[in-house]
Amino acid sequence: MKAGKAIWELTRLEHGFIYGLGVVAGAYIALGEFDFRLSFFGFFTALFLQASAFALNDYFDYDVDVANKRFDRPLVRGELNKRDALIIAAVFAVPGFIFACLISIPAFLLALGITVLGYAYDVKLKEFGLAGNAYIAFSMAAPFIFGGVVAGNLNSEILLLSSIAFLSGLAREIMKGIEDIEGDALRDVKTLARMYGAEKASRVSAFLFITAILLSFAVMLIPEYADIKYLIPVAICDVLLLDSAKKLISGVGTKDIRSLRKKTMIALLFGLIGFLLGAA
């Protein structure tokens, strides 16, 4: 039981489930109907490949996580070791690529490209600060794009949803840089928080969240989304994001960032539900 919990935390499977739902949402919005084959294979492609990337991330971030006292990381607690993380990263990658192949060769190539970028982030790209943040933001938008591409219809709804996910993801990563400022110094990660200070990073993060909120209103210009089914969950999403932005502007400590990251992840889940209901 303890080992299973440690593997879950290493691979951040709760994030993988959200990424998988993003692929399902992208395919559903693109087709206007539910395709079980695309949804099933797409969901598990995202779940396993993201889990692999997260495990590799903890391998390369071990010293940083120790410095940041990230006891939510099983490697820091000693429940798993770095060799375990490498093995788990490899094991989870295999079914992810198999599921991608079962969709189509283009789907496999797209999944391969996104995953290689993820590994590059773990190894080196993270150290470039904003460029690394942008990759993580892209990885949050990628499931919707992937779903649209495999369904053969990358439409305006998916592009808007991807843009909202990208902006919110970028805001969350810039915000995370405030929490990790001490440990990031070990890898010389050039985050906004390290280069320009926590206050500047907080304001940029808040601005990006507010921009994402404004884009969620733009979605209502699409006729089928001017509906209560979309409005209610997205209103919850926007309230949570706006509250997070207000806290960032007023000033938060590093200990507050973790709770804000959880709150904004919940917000994005409500936003995803809104898009799915709006397309129904």
# chains A, B, ... in the order shown; residues from 1 in each chain; ligands from 1

$ residues_around --residues "region 75-78 of chain A" --least-positions-apart "2" --cutoff "12 Å" --atoms "only C-alpha atoms" --output "ChimeraX atom specification"
/A:2-3,6-7,9-11,55-73,80-86

$ write_last_selection --atoms "N, CA and C atoms" --output "short mmCIF file (atom, residue, chain, number, x, y, z; two decimals), in the first residue's frame"
data_model
loop_
_atom_site.label_atom_id
_atom_site.label_comp_id
_atom_site.auth_asym_id
_atom_site.auth_seq_id
_atom_site.Cartn_x
_atom_site.Cartn_y
_atom_site.Cartn_z
N LYS A 2 1.92 1.24 0.88
CA LYS A 2 2.80 2.39 0.98
C LYS A 2 3.56 2.62 -0.31
N ALA A 3 4.02 1.51 -0.95
CA ALA A 3 4.74 1.62 -2.22
C ALA A 3 3.83 2.18 -3.31
N ALA A 6 3.50 5.85 -2.88
CA ALA A 6 4.74 6.53 -3.28
C ALA A 6 4.83 6.63 -4.81
N ILE A 7 4.45 5.56 -5.51
CA ILE A 7 4.49 5.58 -6.98
C ILE A 7 3.47 6.59 -7.52
N GLU A 9 2.47 9.31 -6.03
CA GLU A 9 3.00 10.65 -5.79
C GLU A 9 4.16 10.97 -6.73
N LEU A 10 4.98 9.97 -7.02
CA LEU A 10 6.10 10.17 -7.94
C LEU A 10 5.60 10.52 -9.33
N THR A 11 4.59 9.81 -9.80
CA THR A 11 4.09 9.98 -11.17
C THR A 11 2.97 11.01 -11.27
N ALA A 55 7.95 11.23 -13.29
CA ALA A 55 8.92 10.40 -12.58
C ALA A 55 10.35 10.83 -12.92
N LEU A 56 10.59 11.10 -14.20
CA LEU A 56 11.92 11.55 -14.62
C LEU A 56 12.24 12.92 -14.04
N ASN A 57 11.22 13.77 -13.93
CA ASN A 57 11.40 15.10 -13.35
C ASN A 57 11.93 15.00 -11.92
N ASP A 58 11.36 14.07 -11.13
CA ASP A 58 11.80 13.92 -9.74
C ASP A 58 13.22 13.37 -9.66
N TYR A 59 13.60 12.56 -10.65
CA TYR A 59 14.97 12.05 -10.70
C TYR A 59 15.97 13.20 -10.83
N PHE A 60 15.73 14.10 -11.77
CA PHE A 60 16.66 15.20 -12.01
C PHE A 60 16.52 16.32 -10.99
N ASP A 61 15.36 16.40 -10.35
CA ASP A 61 15.11 17.47 -9.38
C ASP A 61 15.38 17.07 -7.94
N TYR A 62 15.99 15.92 -7.75
CA TYR A 62 16.14 15.40 -6.38
C TYR A 62 16.82 16.40 -5.44
N ASP A 63 17.97 16.94 -5.84
CA ASP A 63 18.70 17.88 -4.97
C ASP A 63 17.89 19.15 -4.71
N VAL A 64 17.19 19.62 -5.75
CA VAL A 64 16.35 20.81 -5.62
C VAL A 64 15.21 20.54 -4.63
N ASP A 65 14.59 19.38 -4.77
CA ASP A 65 13.46 19.04 -3.89
C ASP A 65 13.91 18.88 -2.43
N VAL A 66 15.12 18.34 -2.24
CA VAL A 66 15.65 18.22 -0.88
C VAL A 66 15.86 19.61 -0.28
N ALA A 67 16.46 20.50 -1.09
CA ALA A 67 16.69 21.88 -0.60
C ALA A 67 15.39 22.60 -0.30
N ASN A 68 14.36 22.32 -1.10
CA ASN A 68 13.05 22.96 -0.90
C ASN A 68 12.20 22.26 0.15
N LYS A 69 12.78 21.19 0.75
CA LYS A 69 12.05 20.42 1.78
C LYS A 69 10.71 19.91 1.25
N ARG A 70 10.75 19.36 0.03
CA ARG A 70 9.53 18.86 -0.59
C ARG A 70 9.25 17.44 -0.09
N PHE A 71 8.74 17.35 1.12
CA PHE A 71 8.48 16.04 1.71
C PHE A 71 7.23 15.38 1.11
N ASP A 72 6.58 16.10 0.18
CA ASP A 72 5.51 15.47 -0.58
C ASP A 72 6.07 14.63 -1.71
N ARG A 73 7.38 14.65 -1.89
CA ARG A 73 8.06 13.87 -2.92
C ARG A 73 8.61 12.58 -2.29
N LEU A 80 11.24 5.90 -2.10
CA LEU A 80 11.75 5.41 -3.38
C LEU A 80 13.14 6.03 -3.57
N ASN A 81 13.98 5.40 -4.39
CA ASN A 81 15.28 6.01 -4.68
C ASN A 81 15.34 6.46 -6.14
N LYS A 82 16.42 7.10 -6.51
CA LYS A 82 16.54 7.67 -7.86
C LYS A 82 16.50 6.58 -8.93
N ARG A 83 17.09 5.43 -8.64
CA ARG A 83 17.04 4.32 -9.61
C ARG A 83 15.60 3.87 -9.83
N ASP A 84 14.82 3.81 -8.76
CA ASP A 84 13.39 3.46 -8.88
C ASP A 84 12.68 4.44 -9.82
N ALA A 85 13.00 5.73 -9.67
CA ALA A 85 12.34 6.75 -10.49
C ALA A 85 12.65 6.54 -11.97
N LEU A 86 13.91 6.20 -12.29
CA LEU A 86 14.28 5.94 -13.69
C LEU A 86 13.53 4.74 -14.25
#

$ residues_around --residues "Phe275 (chain A)" --least-positions-apart "5" --cutoff "12 Å" --atoms "only C-alpha atoms" --output "count of residues only"
40

$ closest_atom_pairs --of "region 145-188 of chain A" --to "region 102-126 of chain A" --cutoff "10 Å" --atoms "only C-alpha atoms" --output "JSON lines"
{"residue": "A:Ile145", "atom": "CA", "partner": "A:Leu110", "partner_atom": "CA", "distance": 10.0}
{"residue": "A:Phe146", "atom": "CA", "partner": "A:Leu110", "partner_atom": "CA", "distance": 7.5}
{"residue": "A:Gly147", "atom": "CA", "partner": "A:Ala107", "partner_atom": "CA", "distance": 9.2}
{"residue": "A:Val149", "atom": "CA", "partner": "A:Ala107", "partner_atom": "CA", "distance": 7.8}
{"residue": "A:Val150", "atom": "CA", "partner": "A:Ala107", "partner_atom": "CA", "distance": 6.0}
{"residue": "A:Ala151", "atom": "CA", "partner": "A:Ala107", "partner_atom": "CA", "distance": 9.8}
{"residue": "A:Asp184", "atom": "CA", "partner": "A:Lys126", "partner_atom": "CA", "distance": 9.7}
{"residue": "A:Arg187", "atom": "CA", "partner": "A:Lys126", "partner_atom": "CA", "distance": 9.1}
{"residue": "A:Asp188", "atom": "CA", "partner": "A:Lys126", "partner_atom": "CA", "distance": 9.6}

$ closest_residue --among "A:Ala93, A:Gly271, A:Leu167, A:Ala198" --to "Glu182 (chain A)" --atoms "only C-alpha atoms"
A:Ala198

$ select_by_dssp --residues "region 25-264 of chain A" --states "helix (DSSP H, G or I)" --output "PyMOL selection string"
chain A and resi 25-31+36-60+62-67+74-77+82-103+105-123+125-128+130-151+156-179+181-184+192-196+198-221+223-225+228-250+254-264

$ residues_around --residues "Lys255 (chain A)" --least-positions-apart "4" --cutoff "10 Å" --atoms "only C-alpha atoms" --output "ChimeraX atom specification"
/A:178-179,259-260

$ residues_around --residues "Leu47 (chain A)" --least-positions-apart "6" --cutoff "6 Å" --atoms "only C-alpha atoms" --output "list in words"
Gly16, Phe17 and Gly20 of chain A

$ write_last_selection --atoms "N, CA, C and O atoms" --output "PDB file, in the first residue's frame"
ATOM      1  N   GLY A  16      -2.170  13.193 -14.341  1.00  0.00           N
ATOM      2  CA  GLY A  16      -2.333  12.368 -15.534  1.00  0.00           C
ATOM      3  C   GLY A  16      -3.789  12.156 -15.893  1.00  0.00           C
ATOM      4  O   GLY A  16      -4.155  12.158 -17.067  1.00  0.00           O
ATOM      5  N   PHE A  17      -4.630  11.973 -14.869  1.00  0.00           N
ATOM      6  CA  PHE A  17      -6.060  11.810 -15.122  1.00  0.00           C
ATOM      7  C   PHE A  17      -6.639  13.077 -15.759  1.00  0.00           C
ATOM      8  O   PHE A  17      -7.469  12.991 -16.679  1.00  0.00           O
ATOM      9  N   GLY A  20      -5.478  13.224 -19.288  1.00  0.00           N
ATOM     10  CA  GLY A  20      -6.256  12.263 -20.068  1.00  0.00           C
ATOM     11  C   GLY A  20      -7.646  12.776 -20.390  1.00  0.00           C
ATOM     12  O   GLY A  20      -8.131  12.634 -21.527  1.00  0.00           O
TER      13      GLY A  20
END

$ closest_residue --among "A:Met140, A:Ile257, A:Ala267, A:Leu276" --to "Asp180 (chain A)" --atoms "only C-alpha atoms"
A:Ile257

$ atom_distance --atom1 "CA of Ala245 (chain A)" --atom2 "CA of Lys200 (chain A)"
12.9 Å
